[in-house]
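This report concerns only the one structure given below.
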Amino acid sequence: MTVADEGVLTQEVFEDLARHAIRAEESLRLEFVNGKMGVKAVPDGDHGRIIEWLTRQCMQADPGRWLYAEQGLRIETYRKGNARPDGALARSGAFVGQGEWASPDGVLMVVEVTSYDEDTDRRDRIEKPRAYAGTGIPVYLLIDRDTCEVKVHSQPDGVRYEQVVTVPYGKTVELPDPVGIELDTEPLKNWVR
């Protein structure tokens with residue numbers, strides 16, 4: 001049984017804790033995925049460069065879209081979860097007036113870039129794909145710096161993504177509709193340890 005099931009940590013309590021945490025420590029980012037509160041790792045310089053590079057790719061493909069870095073999203077069934085993906089691709093202005101934790105409606109793709117921490121495997125490779133698929137976000141892009149691979153998850157069925165395409169850095173991968181971008185992953189080789 002999770003803390004949320006016991007009634008100790010509700011959505012509202014989590015959001016209040018997250019607001020206080022960031023005021024106390026600017027580098028502290030909390031998430032609430034699968035009924036568990038977790039801490040999101042602080043990005044390093046290469047992580048930031050990957051998001052910058054991907055933002056440019058998305059803008060070149062469609063200038064009316066923006067890759068919102070660190071936008072908090074309400075995720076999971078009945079929105080009883082909160083995640084702060086490294087990037088959320090949506091139309092420009094999609095989150096205006098929604099506050100820190102926005103609706104995922106209109107999000108075309110979420111992006112996670114793995115961090116070099118012990119929670120990456122569980123968080124980015126297992127829990128978040130399930131949560132994003134359960135929310136119906138069409139594409140989940142995982143840029144995995146540990147394995148030097150890109151994983152494109154698509155076709156959410158409400159529980160999981162039915163299609164996962166994995167390519168090593170250096171190959172070209174298609175980000176399917178509604179994203180519709182062909183992504184050359186060669187530059188990613190420059191931003192791994």
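Note on naming: chains are A, B, ... as they come in the structure tokens, residues start from 1 per chain, ligands start from 1 in the order shown.
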
Contacts of Lys171 (chain A) within 7 Å, only C-alpha atoms, excl. fewer than 4 positions in-chain, as a PyMOL selection string:
chain A and resi 167+184-186

Would you list, as an MDAnalysis selection string, the residues of region 41-87 of chain A that end up in alpha helix (DSSP H) under DSSP run on this structure's backbone?
chainID A and resid 45:61

Could you list, as a PyMOL selection string, every residue within 6 Å of region 79-95 of chain A, counting only C-alpha atoms and ignoring same-chain residues fewer than 4 positions away?
chain A and resi 31-33+64-75+107-112

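Atom to atom, CA of Ala61 (chain A) and CA of Pro168 (chain A) stand 22.2 Å apart.
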
For Gly170 (chain A), please output as a PyMOL selection string all residues within 12 Å (counting only C-alpha atoms; exclusion window: fewer than 6 positions along the same chain).
chain A and resi 148-150+183-190

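Using only C-alpha atoms for every distance, the candidate list A:Arg49, A:Val152, A:Asp124, A:Tyr161 yields A:Val152 as the residue closest to Glu182 (chain A).
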
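Our summary of the geometry notes that CA of Gly99 (chain A) is positioned 19.7 Å from CA of Tyr132 (chain A).
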
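If you count only C-alpha atoms and ignore residues fewer than 4 places along the chain from Arg145 (chain A), what sits within 9 Å of it is A:Val113, A:Thr114, A:Ser115, A:Tyr116, A:Glu149, A:Val150, A:Leu188, A:Trp191, A:Val192, A:Arg193.
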
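Coordinates place CA of Val173 (chain A) at a distance of 18.5 Å from CA of Arg125 (chain A).
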
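Here the question is which of A:Asp144, A:Glu127, A:Glu174, A:Glu100 gets nearest to His47 (chain A) using only C-alpha atoms, and that residue is A:Asp144.
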